[in-house]
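Structure file model.csv (CSV, C-alpha atoms and all ligand atoms) is printed below.
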chain,number,residue,atom,x,y,z
P,1,MET,CA,11.1,34.0,-47.3
P,2,SER,CA,12.3,33.8,-43.7
P,3,ASP,CA,13.6,30.6,-42.2
P,4,ILE,CA,11.3,28.2,-40.3
P,5,THR,CA,13.4,27.0,-37.3
P,6,LEU,CA,11.9,24.6,-34.7
P,7,LEU,CA,13.1,22.9,-31.5
P,8,ALA,CA,11.5,19.4,-31.0
P,9,ILE,CA,11.3,17.4,-27.9
P,10,GLU,CA,10.6,13.6,-27.5
P,11,SER,CA,10.1,12.0,-24.1
P,12,SER,CA,7.3,9.5,-24.6
P,13,CYS,CA,9.1,6.4,-23.3
P,14,ASP,CA,12.7,5.9,-22.1
P,15,GLU,CA,14.6,8.2,-24.5
P,16,THR,CA,15.0,11.9,-23.8
P,17,SER,CA,15.7,13.6,-27.1
P,18,ALA,CA,15.8,17.1,-28.6
P,19,ALA,CA,16.4,18.1,-32.2
P,20,VAL,CA,16.6,21.3,-34.2
P,21,ILE,CA,15.1,21.5,-37.7
P,22,GLN,CA,15.5,24.5,-40.1
P,23,ASN,CA,13.3,24.6,-43.3
P,24,GLY,CA,12.8,20.9,-43.1
P,25,VAL,CA,16.5,20.0,-42.7
P,26,ILE,CA,17.6,18.3,-39.4
P,27,LEU,CA,20.5,20.3,-37.9
P,28,SER,CA,20.9,18.2,-34.7
P,29,ASN,CA,19.3,15.2,-33.0
P,30,ILE,CA,20.5,14.4,-29.5
P,31,VAL,CA,19.3,11.2,-27.8
P,32,ALA,CA,19.9,10.3,-24.1
P,33,GLY,CA,19.0,6.7,-23.3
P,34,GLN,CA,18.1,5.3,-19.8
P,35,GLU,CA,20.3,2.4,-18.6
P,36,VAL,CA,18.4,2.3,-15.3
P,37,HIS,CA,15.7,0.0,-16.7
P,38,SER,CA,17.9,-2.9,-17.9
P,39,LYS,CA,18.2,-4.6,-14.5
P,40,TYR,CA,14.4,-4.6,-14.1
P,41,GLY,CA,13.7,-6.4,-17.3
P,42,GLY,CA,11.4,-3.6,-18.5
P,43,ILE,CA,10.7,0.1,-18.2
P,44,VAL,CA,9.8,1.3,-14.7
P,45,PRO,CA,7.6,4.4,-15.4
P,46,GLU,CA,8.5,6.3,-12.3
P,47,LEU,CA,12.3,5.9,-13.0
P,48,ALA,CA,11.7,6.9,-16.6
P,49,SER,CA,10.1,10.2,-15.6
P,50,ARG,CA,12.9,11.0,-13.2
P,51,ALA,CA,15.6,10.3,-15.8
P,52,HIS,CA,13.8,12.5,-18.3
P,53,GLN,CA,13.8,15.3,-15.7
P,54,GLN,CA,17.5,14.9,-15.3
P,55,HIS,CA,18.3,14.7,-19.0
P,56,ILE,CA,16.0,17.2,-20.6
P,57,VAL,CA,17.9,20.4,-19.9
P,58,PRO,CA,21.4,19.2,-21.0
P,59,VAL,CA,19.9,17.4,-24.0
P,60,VAL,CA,18.1,20.6,-25.3
P,61,HIS,CA,21.2,22.7,-24.7
P,62,GLU,CA,23.3,20.2,-26.7
P,63,ALA,CA,20.8,20.1,-29.5
P,64,LEU,CA,20.8,24.0,-29.8
P,65,ALA,CA,24.6,24.1,-29.5
P,66,GLN,CA,25.2,21.4,-32.1
P,67,ALA,CA,22.7,23.1,-34.5
P,68,LYS,CA,24.4,26.5,-33.9
P,69,ILE,CA,21.0,28.0,-33.3
P,70,VAL,CA,20.2,30.5,-30.5
P,71,LYS,CA,16.9,30.5,-28.8
P,72,LYS,CA,15.6,33.7,-30.4
P,73,GLN,CA,15.9,32.1,-33.8
P,74,LEU,CA,13.2,29.5,-32.9
P,75,ASN,CA,9.7,30.0,-34.4
P,76,ALA,CA,8.0,27.3,-32.4
P,77,VAL,CA,8.6,24.3,-30.1
P,78,ALA,CA,7.3,20.9,-31.1
P,79,PHE,CA,6.8,18.1,-28.6
P,80,THR,CA,5.4,14.5,-28.4
P,81,GLY,CA,1.9,14.8,-27.0
P,82,GLY,CA,1.2,11.0,-27.0
P,83,PRO,CA,0.9,8.1,-27.1
P,84,GLY,CA,3.3,7.1,-24.4
P,85,LEU,CA,3.8,6.9,-20.6
P,86,LEU,CA,2.0,9.7,-18.8
P,87,GLY,CA,4.9,10.6,-16.5
P,88,SER,CA,7.4,10.6,-19.3
P,89,LEU,CA,5.2,12.7,-21.6
P,90,LEU,CA,4.6,15.2,-18.8
P,91,VAL,CA,8.2,16.1,-18.5
P,92,GLY,CA,8.6,16.8,-22.3
P,93,VAL,CA,5.2,18.6,-22.5
P,94,SER,CA,5.8,20.8,-19.5
P,95,TYR,CA,9.3,21.6,-20.6
P,96,ALA,CA,8.2,22.5,-24.2
P,97,LYS,CA,5.4,24.7,-22.9
P,98,ALA,CA,7.6,26.6,-20.5
P,99,PHE,CA,10.4,27.0,-23.1
P,100,ALA,CA,8.0,28.3,-25.7
P,101,LYS,CA,6.1,30.5,-23.4
P,102,GLY,CA,9.4,32.1,-22.3
P,103,LEU,CA,10.3,32.8,-25.9
P,104,GLY,CA,6.8,33.9,-26.9
P,105,VAL,CA,6.5,31.3,-29.7
P,106,PRO,CA,3.7,28.8,-30.3
P,107,ILE,CA,3.8,25.1,-29.5
P,108,ILE,CA,3.1,22.1,-31.8
P,109,ARG,CA,1.7,18.9,-30.5
P,110,VAL,CA,3.0,15.9,-32.4
P,111,ASN,CA,1.6,12.3,-32.5
P,112,HIS,CA,4.5,9.9,-31.8
P,113,MET,CA,3.3,7.2,-34.2
P,114,GLN,CA,2.7,9.7,-37.0
P,115,ALA,CA,6.3,11.0,-36.3
P,116,HIS,CA,7.8,7.5,-36.6
P,117,ILE,CA,6.3,7.4,-40.1
P,118,LEU,CA,7.4,10.9,-41.0
P,119,ALA,CA,11.0,9.9,-40.2
P,120,HIS,CA,11.0,8.7,-43.8
P,121,PHE,CA,11.0,12.4,-44.9
P,122,ILE,CA,14.3,13.2,-43.1
P,123,ASP,CA,16.6,11.6,-45.7
P,124,ASP,CA,16.4,10.5,-49.3
P,125,PRO,CA,14.8,8.5,-50.8
P,126,LYS,CA,11.4,9.8,-49.6
P,127,PRO,CA,8.3,7.8,-50.4
P,128,ALA,CA,5.6,9.2,-52.7
P,129,PHE,CA,2.0,9.1,-51.6
P,130,PRO,CA,0.1,7.0,-51.0
P,131,PHE,CA,2.2,4.3,-49.2
P,132,LEU,CA,1.7,1.7,-46.6
P,133,CYS,CA,3.7,1.8,-43.4
P,134,LEU,CA,4.3,-1.1,-41.1
P,135,THR,CA,4.9,0.7,-37.8
P,136,VAL,CA,6.5,-1.6,-35.3
P,137,SER,CA,7.6,-0.5,-31.9
P,138,GLY,CA,7.7,-1.4,-28.2
P,139,GLY,CA,4.1,-0.1,-27.7
P,140,HIS,CA,2.5,-0.4,-31.2
P,141,THR,CA,2.1,-2.6,-34.2
P,142,GLN,CA,0.1,-0.9,-37.0
P,143,ILE,CA,-0.4,-1.0,-40.7
P,144,VAL,CA,-1.0,2.6,-41.7
P,145,LEU,CA,-2.3,3.9,-45.0
P,146,VAL,CA,-0.4,7.2,-45.5
P,147,ARG,CA,-2.2,9.5,-48.0
P,148,ASP,CA,-0.2,12.6,-47.2
P,149,TYR,CA,2.1,14.0,-44.5
P,150,LEU,CA,-0.7,14.5,-42.0
P,151,ASP,CA,-3.4,12.3,-43.6
P,152,MET,CA,-3.0,8.8,-42.2
P,153,GLU,CA,-5.4,5.9,-41.5
P,154,VAL,CA,-4.7,2.9,-39.3
P,155,MET,CA,-5.9,-0.1,-41.3
P,156,GLY,CA,-5.0,-2.7,-38.8
P,157,GLU,CA,-3.2,-3.0,-35.4
P,158,THR,CA,-2.6,-5.3,-32.5
P,159,GLN,CA,-5.4,-6.2,-30.2
P,160,ASP,CA,-3.0,-6.9,-27.4
P,161,ASP,CA,0.8,-6.8,-27.2
P,162,ALA,CA,3.1,-5.0,-29.6
P,163,VAL,CA,5.6,-6.9,-31.6
P,164,GLY,CA,8.5,-5.1,-29.8
P,165,GLU,CA,7.1,-6.2,-26.5
P,166,ALA,CA,7.0,-9.8,-27.8
P,167,PHE,CA,10.7,-9.5,-28.8
P,168,ASP,CA,11.5,-8.0,-25.4
P,169,LYS,CA,9.5,-10.6,-23.4
P,170,ALA,CA,11.0,-13.5,-25.4
P,171,ALA,CA,14.5,-12.1,-24.6
P,172,LYS,CA,13.6,-11.8,-20.9
P,173,MET,CA,12.5,-15.5,-20.9
P,174,LEU,CA,16.0,-16.3,-22.3
P,175,GLY,CA,17.6,-14.4,-19.5
P,176,LEU,CA,18.7,-11.5,-21.7
P,177,PRO,CA,18.6,-7.8,-20.4
P,178,TYR,CA,16.0,-5.2,-21.4
P,179,PRO,CA,15.5,-4.1,-24.2
P,180,GLY,CA,16.1,-7.6,-25.6
P,181,GLY,CA,14.9,-7.0,-29.2
P,182,PRO,CA,18.3,-6.0,-30.4
P,183,LEU,CA,19.9,-9.0,-28.7
P,184,ILE,CA,17.5,-11.4,-30.3
P,185,ASP,CA,18.4,-9.8,-33.6
P,186,LYS,CA,22.1,-10.3,-32.9
P,187,TYR,CA,21.9,-14.0,-31.9
P,188,ALA,CA,19.3,-14.7,-34.7
P,189,ALA,CA,21.9,-13.8,-37.3
P,190,LEU,CA,23.9,-16.9,-36.1
P,191,GLY,CA,21.0,-19.4,-35.9
P,192,ASN,CA,18.6,-21.5,-38.0
P,193,PRO,CA,15.2,-19.8,-38.3
P,194,LEU,CA,13.4,-23.1,-38.9
P,195,ALA,CA,14.9,-24.9,-35.9
P,196,TYR,CA,11.8,-24.6,-33.8
P,197,ASP,CA,8.1,-23.9,-34.5
P,198,PHE,CA,5.9,-21.9,-32.3
P,199,PRO,CA,2.1,-22.2,-32.7
P,200,HIS,CA,0.0,-19.1,-33.0
P,201,VAL,CA,-3.5,-18.2,-34.0
P,202,ASP,CA,-4.2,-16.1,-37.1
P,203,MET,CA,-6.5,-13.1,-36.3
P,204,PRO,CA,-9.2,-12.1,-38.8
P,205,GLY,CA,-8.6,-9.2,-41.2
P,206,LEU,CA,-5.6,-6.9,-40.5
P,207,THR,CA,-5.7,-7.4,-36.7
P,208,TYR,CA,-2.5,-8.6,-35.0
P,209,SER,CA,-2.1,-10.5,-31.8
P,210,PHE,CA,1.2,-11.3,-30.1
P,211,SER,CA,0.0,-12.5,-26.7
P,212,GLY,CA,-0.5,-16.1,-27.8
P,213,ILE,CA,2.9,-16.5,-29.3
P,214,LYS,CA,4.4,-15.1,-26.1
P,215,THR,CA,2.7,-17.8,-24.0
P,216,ALA,CA,3.6,-20.6,-26.6
P,217,PHE,CA,7.3,-19.4,-26.3
P,218,LEU,CA,7.2,-19.5,-22.5
P,219,TYR,CA,5.8,-23.1,-22.5
P,220,PHE,CA,8.3,-24.2,-25.0
P,221,ILE,CA,11.3,-22.8,-23.0
P,222,GLN,CA,9.9,-24.3,-19.7
P,223,LYS,CA,9.4,-27.7,-21.3
P,224,GLN,CA,12.8,-27.8,-22.9
P,225,THR,CA,14.6,-26.6,-19.8
P,226,LYS,CA,13.0,-29.3,-17.8
P,227,LEU,CA,14.4,-31.9,-20.2
P,228,ASN,CA,17.8,-30.2,-20.4
P,229,PRO,CA,18.7,-27.4,-17.9
P,230,ASP,CA,21.3,-26.0,-20.4
P,231,PHE,CA,18.9,-25.9,-23.3
P,232,VAL,CA,18.9,-22.1,-23.7
P,233,ALA,CA,22.6,-21.7,-23.3
P,234,GLN,CA,23.3,-24.5,-25.9
P,235,HIS,CA,20.8,-23.4,-28.5
P,236,LEU,CA,20.5,-19.6,-28.1
P,237,PRO,CA,21.1,-18.7,-31.7
P,238,ASP,CA,18.6,-21.2,-33.1
P,239,ILE,CA,15.9,-20.2,-30.5
P,240,CYS,CA,16.4,-16.5,-31.3
P,241,ALA,CA,16.4,-17.1,-35.0
P,242,SER,CA,13.2,-19.2,-34.8
P,243,ILE,CA,11.2,-16.8,-32.6
P,244,GLN,CA,12.3,-13.8,-34.8
P,245,HIS,CA,11.3,-15.7,-37.9
P,246,THR,CA,7.9,-16.4,-36.5
P,247,LEU,CA,7.3,-12.8,-35.4
P,248,ILE,CA,8.3,-11.6,-38.8
P,249,ARG,CA,6.1,-14.1,-40.6
P,250,ILE,CA,3.1,-12.8,-38.6
P,251,LEU,CA,4.0,-9.2,-39.5
P,252,PHE,CA,4.2,-10.0,-43.2
P,253,SER,CA,1.1,-12.1,-43.5
P,254,LYS,CA,-1.0,-9.0,-42.6
P,255,LEU,CA,1.1,-6.7,-44.7
P,256,HIS,CA,0.4,-8.9,-47.7
P,257,LYS,CA,-3.3,-8.7,-47.0
P,258,ALA,CA,-3.1,-4.9,-46.8
P,259,VAL,CA,-1.3,-4.7,-50.1
P,260,LYS,CA,-4.0,-6.9,-51.7
P,261,GLU,CA,-6.8,-4.7,-50.2
P,262,THR,CA,-5.3,-1.4,-51.3
P,263,GLY,CA,-3.4,-2.3,-54.4
P,264,ILE,CA,-0.6,-0.1,-53.0
P,265,HIS,CA,2.9,-1.5,-53.7
P,266,ARG,CA,4.9,1.2,-52.0
P,267,ILE,CA,5.9,-0.1,-48.5
P,268,ALA,CA,7.7,1.5,-45.7
P,269,ILE,CA,8.6,0.3,-42.2
P,270,ALA,CA,9.0,2.4,-39.1
P,271,GLY,CA,9.5,2.3,-35.3
P,272,GLY,CA,12.1,0.6,-33.1
P,273,VAL,CA,11.6,-2.9,-34.5
P,274,SER,CA,12.3,-1.7,-38.0
P,275,ALA,CA,15.9,-1.7,-36.9
P,276,ASN,CA,15.7,-5.5,-36.9
P,277,ARG,CA,18.0,-7.0,-39.6
P,278,GLY,CA,15.8,-10.0,-40.2
P,279,LEU,CA,12.8,-7.8,-40.8
P,280,ARG,CA,14.8,-5.5,-43.2
P,281,LYS,CA,16.1,-8.6,-45.1
P,282,THR,CA,12.6,-10.1,-45.4
P,283,LEU,CA,11.2,-6.8,-46.6
P,284,GLU,CA,13.9,-6.7,-49.4
P,285,GLU,CA,13.2,-10.3,-50.3
P,286,GLU,CA,9.4,-9.8,-50.5
P,287,ALA,CA,9.9,-6.6,-52.4
P,288,ALA,CA,12.0,-8.4,-55.0
P,289,LYS,CA,9.3,-11.1,-55.3
P,290,HIS,CA,6.3,-8.9,-55.5
P,291,GLN,CA,7.7,-5.7,-57.2
P,292,TRP,CA,7.3,-3.5,-54.1
P,293,GLU,CA,9.0,-0.2,-53.8
P,294,THR,CA,10.4,-0.2,-50.2
P,295,PHE,CA,11.5,2.4,-47.8
P,296,ILE,CA,13.7,1.6,-44.8
P,297,PRO,CA,14.7,4.3,-42.4
P,298,SER,CA,18.4,4.7,-41.3
P,299,PHE,CA,19.0,3.0,-37.9
P,300,GLU,CA,19.2,6.3,-36.0
P,301,TYR,CA,15.6,7.2,-37.0
P,302,CYS,CA,14.1,3.8,-36.2
P,303,THR,CA,14.1,4.0,-32.4
P,304,ASP,CA,12.7,7.0,-30.5
P,305,ASN,CA,14.3,10.3,-31.5
P,306,ALA,CA,13.3,14.0,-31.7
P,307,ALA,CA,14.3,14.4,-35.3
P,308,MET,CA,11.1,12.6,-36.3
P,309,ILE,CA,9.1,14.9,-34.0
P,310,ALA,CA,10.9,17.9,-35.6
P,311,MET,CA,9.9,16.6,-39.1
P,312,ALA,CA,6.3,16.2,-38.1
P,313,GLY,CA,6.4,19.6,-36.4
P,314,HIS,CA,7.7,21.2,-39.6
P,315,TYR,CA,4.8,20.0,-41.7
P,316,MET,CA,2.3,21.1,-38.9
P,317,TYR,CA,4.0,24.5,-38.7
P,318,GLU,CA,3.5,25.0,-42.4
P,319,LYS,CA,-0.2,24.3,-41.9
P,320,GLY,CA,-0.4,26.5,-38.8
P,321,LEU,CA,-1.4,23.6,-36.7
P,322,PHE,CA,-0.5,24.9,-33.2
P,323,GLU,CA,-1.6,23.6,-29.9
P,324,GLU,CA,-3.4,25.3,-27.0
P,325,TRP,CA,-1.5,26.1,-23.9
P,326,THR,CA,-4.0,24.1,-21.8
P,327,PHE,CA,-3.0,20.8,-23.6
P,328,SER,CA,-2.3,17.8,-21.3
P,329,PRO,CA,-0.4,14.7,-22.4
P,330,GLU,CA,-2.5,12.0,-24.0
P,331,PRO,CA,-1.1,8.5,-23.2
P,332,ARG,CA,-3.5,6.9,-25.7
P,333,LEU,CA,-3.4,9.5,-28.4
P,334,LYS,CA,-4.6,7.9,-31.8
P,335,ILE,CA,-3.4,8.7,-35.3
P,401,LIG,O1,10.1,2.9,-31.3
P,401,LIG,P1,10.8,2.5,-30.1
P,401,LIG,O2,12.2,3.1,-29.9
P,401,LIG,O3,10.0,2.9,-28.8
P,401,LIG,C1,8.6,2.8,-28.8
P,401,LIG,O4,7.9,3.8,-29.3
P,401,LIG,O5,8.2,1.7,-28.3
P,401,LIG,O6,10.8,0.9,-30.1
P,401,LIG,C2,11.5,0.2,-29.0
P,401,LIG,C3,11.3,-1.3,-29.3
P,401,LIG,C4,11.7,-2.2,-28.2
P,401,LIG,O7,10.8,-3.2,-28.0
P,401,LIG,C5,13.0,-2.8,-28.8
P,401,LIG,O8,13.3,-4.1,-28.3
P,401,LIG,C6,12.7,-2.9,-30.2
P,401,LIG,O9,12.0,-1.6,-30.5
P,401,LIG,N1,13.9,-3.0,-31.1
P,401,LIG,C7,14.2,-4.1,-31.8
P,401,LIG,C8,15.5,-3.8,-32.4
P,401,LIG,N2,15.9,-2.6,-32.1
P,401,LIG,C9,14.9,-2.1,-31.2
P,401,LIG,N3,13.6,-5.2,-31.9
P,401,LIG,C10,14.1,-6.2,-32.7
P,401,LIG,N4,15.3,-6.0,-33.3
P,401,LIG,C11,16.0,-4.9,-33.2
P,401,LIG,N5,17.2,-4.7,-33.8
P,402,ZN,ZN,8.5,5.0,-30.7

Taking this structure as input, can you express it in the form of structure tokens?
Ligand code: KG4
Ligand code: ZN
Amino acid sequence: MSDITLLAIESSCDETSAAVIQNGVILSNIVAGQEVHSKYGGIVPELASRAHQQHIVPVVHEALAQAKIVKKQLNAVAFTGGPGLLGSLLVGVSYAKAFAKGLGVPIIRVNHMQAHILAHFIDDPKPAFPFLCLTVSGGHTQIVLVRDYLDMEVMGETQDDAVGEAFDKAAKMLGLPYPGGPLIDKYAALGNPLAYDFPHVDMPGLTYSFSGIKTAFLYFIQKQTKLNPDFVAQHLPDICASIQHTLIRILFSKLHKAVKETGIHRIAIAGGVSANRGLRKTLEEEAAKHQWETFIPSFEYCTDNAAMIAMAGHYMYEKGLFEEWTFSPEPRLKI
């Protein structure tokens, strides 16, 4: 049988990434981040598109060079079709189409959220089906029932903000640069998770909501700072540990419900926030308590990367799931 070799491109948010996969094995995964947003406290979409445009050519060349693959070996080009920022997606989609057209190979449109989950099939151990995946990123918070590589159902998701956004906004209120999630994680490791309590409303069923906790946190910081202007500086680790603990508690309350509803004890986490050490530790503790079999991706495959797009592309190629040339990016693409 001849090799299946794909180039994959990811550009949905603020990381420009390209990867090469051969017969389901990742040969390279190049990721270029965008420093430009940190001083604005969040992603500026127009700046993100421009940075993608600057990065995409060198990133793709580096991915091919590192994989020791020449263009004519490629069988198809996979790309993120959505969800994501329209301008960012446009750069990757246009580049992928032009690249594939020039080579005379088909294109494969990958769903970014499905790809986060399929990152679990890059390395061992790989989860058996079915499993539940808590997908937590800057734009999404979902509990997904994964029946097969390309057969997934969203059981519950957030009705407003994503948990990654809650991490980033909390960090911003503490004067930390964007993206603040990893910094909350860092300071939380040094603090007491039970130091402060933040009220939040429990949504019905498997629906998440993180907008209320964001407001509660803002009021808390404002009130404490009025009493003591140095409150944040003096108590940063305890504040970070407490907000992280609350966010994780919310995530797990719904996850437990999903386990109960489905009877599935095979649990995976995916997306940028799955890099959080507090979340990983809680998952291990809950797993030990409830006899769950857990799957935690390696750090490099938690945040946005093209290796996961390549993995999804590989399974779609095997099924002949190619995209039309007329495809336009879908910022709100659903699983
Ligand atoms: O999956 P991702 O790279 O991009 C999206 O698809 O959104 O996720 C980015 C999100 C950001 O909100 C970032 O702050 C968060 O993941 N994040 C973390 C950590 N690492 C990344 N949040 C908490 N703790 C971390 N260690
Ligand atoms: Zn993502």

Test item: residues lying within 9 Å of ligand LIG 401 (chain P) with all atoms listed in the file, as an MDAnalysis selection string:
chainID P and resid 12:15 83:84 112:113 116 135:140 162:169 171 178:186 244 270:279 299 301:305

Fewer than 2 positions away in the same chain doesn't count, so skip those; otherwise give me all residues within 8 Å of region 201-212 of chain P, counting only C-alpha atoms, as a count of residues only.
22

Just give me the gap between CA of Phe131 (chain P) and CA of Leu89 (chain P) in Å, one decimal is fine.
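Separation of CA of Phe131 (chain P) and CA of Leu89 (chain P): 29.0 Å.
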
Which residue gives the smallest distance to Arg109 (chain P) among P:Pro177, P:Pro229, P:Gly24, P:Pro329, with only C-alpha atoms counted?
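Between P:Pro177, P:Pro229, P:Gly24, P:Pro329, the residue approaching Arg109 (chain P) most closely is P:Pro329.
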
Nearest-residue call for ligand ZN 402 (chain P), choices P:Gly82, P:Pro58, P:Gly175, P:Pro106, using only C-alpha atoms and all ligand atoms
P:Gly82

Using all atoms listed in the file, which of P:Val259, P:Ile309, P:Met316, P:Val60 sits nearest Ile122 (chain P)?
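Using all atoms listed in the file, Ile122 (chain P) sits closest to P:Ile309.
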
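Nearest to ligand ZN 402 (chain P) of all the residues P:Ala115, P:Ile221, P:Leu134, P:Leu333 is P:Ala115, based on all atoms listed in the file.
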
I'd like to know which of P:Val144, P:Ile117, P:Leu47, P:Val154 is closest to ligand ZN 402 (chain P), using all atoms listed in the file.
P:Ile117

Using CA of Gly41 (chain P) and CA of Ala8 (chain P) as the two end points, give the distance in Å to one decimal.
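It comes out at 29.3 Å.
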
For region 188-213 of chain P, which lacks atoms in the input, supply N, CA and C atoms and format the output as a short mmCIF file (atom, residue, chain, number, x, y, z; two decimals), keeping the file's coordinate frame.
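To be explicit, this is the file written out as part-v9.cif:
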data_model
loop_
_atom_site.label_atom_id
_atom_site.label_comp_id
_atom_site.auth_asym_id
_atom_site.auth_seq_id
_atom_site.Cartn_x
_atom_site.Cartn_y
_atom_site.Cartn_z
N ALA P 188 20.04 -14.10 -33.55
CA ALA P 188 19.30 -14.70 -34.70
C ALA P 188 20.14 -14.82 -35.91
N ALA P 189 21.03 -13.86 -36.08
CA ALA P 189 21.90 -13.80 -37.30
C ALA P 189 22.77 -15.08 -37.35
N LEU P 190 22.98 -15.75 -36.20
CA LEU P 190 23.90 -16.90 -36.10
C LEU P 190 23.12 -18.24 -36.12
N GLY P 191 21.78 -18.18 -36.13
CA GLY P 191 21.00 -19.40 -35.90
C GLY P 191 20.16 -19.81 -37.13
N ASN P 192 19.47 -20.94 -36.95
CA ASN P 192 18.60 -21.50 -38.00
C ASN P 192 17.14 -21.06 -37.69
N PRO P 193 16.54 -20.26 -38.56
CA PRO P 193 15.20 -19.80 -38.30
C PRO P 193 14.11 -20.85 -38.31
N LEU P 194 14.45 -22.02 -38.86
CA LEU P 194 13.40 -23.10 -38.90
C LEU P 194 13.70 -24.19 -37.90
N ALA P 195 14.56 -23.91 -36.94
CA ALA P 195 14.90 -24.90 -35.90
C ALA P 195 13.71 -25.31 -35.09
N TYR P 196 12.92 -24.32 -34.69
CA TYR P 196 11.80 -24.60 -33.80
C TYR P 196 10.53 -23.87 -34.38
N ASP P 197 9.38 -24.47 -34.04
CA ASP P 197 8.10 -23.90 -34.50
C ASP P 197 7.27 -23.50 -33.34
N PHE P 198 6.70 -22.31 -33.37
CA PHE P 198 5.90 -21.90 -32.30
C PHE P 198 4.44 -21.63 -32.76
N PRO P 199 3.47 -22.36 -32.20
CA PRO P 199 2.10 -22.20 -32.70
C PRO P 199 1.51 -20.84 -32.37
N HIS P 200 0.70 -20.32 -33.26
CA HIS P 200 0.00 -19.10 -33.00
C HIS P 200 -1.29 -19.03 -33.81
N VAL P 201 -2.24 -18.25 -33.32
CA VAL P 201 -3.50 -18.20 -34.00
C VAL P 201 -3.54 -16.97 -34.92
N ASP P 202 -4.11 -17.19 -36.12
CA ASP P 202 -4.20 -16.10 -37.10
C ASP P 202 -5.48 -15.29 -36.80
N MET P 203 -5.32 -14.00 -36.57
CA MET P 203 -6.50 -13.10 -36.30
C MET P 203 -7.20 -12.80 -37.61
N PRO P 204 -8.48 -12.46 -37.54
CA PRO P 204 -9.20 -12.10 -38.80
C PRO P 204 -8.70 -10.70 -39.28
N GLY P 205 -8.87 -10.50 -40.56
CA GLY P 205 -8.60 -9.20 -41.20
C GLY P 205 -7.13 -8.76 -40.98
N LEU P 206 -6.96 -7.50 -40.64
CA LEU P 206 -5.60 -6.90 -40.50
C LEU P 206 -5.24 -6.77 -39.00
N THR P 207 -5.94 -7.52 -38.15
CA THR P 207 -5.70 -7.40 -36.70
C THR P 207 -4.51 -8.36 -36.33
N TYR P 208 -3.59 -7.80 -35.55
CA TYR P 208 -2.50 -8.60 -35.00
C TYR P 208 -2.75 -9.03 -33.61
N SER P 209 -2.10 -10.11 -33.19
CA SER P 209 -2.10 -10.50 -31.80
C SER P 209 -0.77 -11.18 -31.50
N PHE P 210 -0.11 -10.74 -30.44
CA PHE P 210 1.20 -11.30 -30.10
C PHE P 210 1.20 -11.94 -28.69
N SER P 211 0.02 -11.96 -28.04
CA SER P 211 0.00 -12.50 -26.70
C SER P 211 0.11 -14.04 -26.69
N GLY P 212 -0.52 -14.67 -27.69
CA GLY P 212 -0.50 -16.10 -27.80
C GLY P 212 0.88 -16.68 -28.03
N ILE P 213 1.60 -16.05 -28.91
CA ILE P 213 2.90 -16.50 -29.30
C ILE P 213 3.89 -16.38 -28.07
#
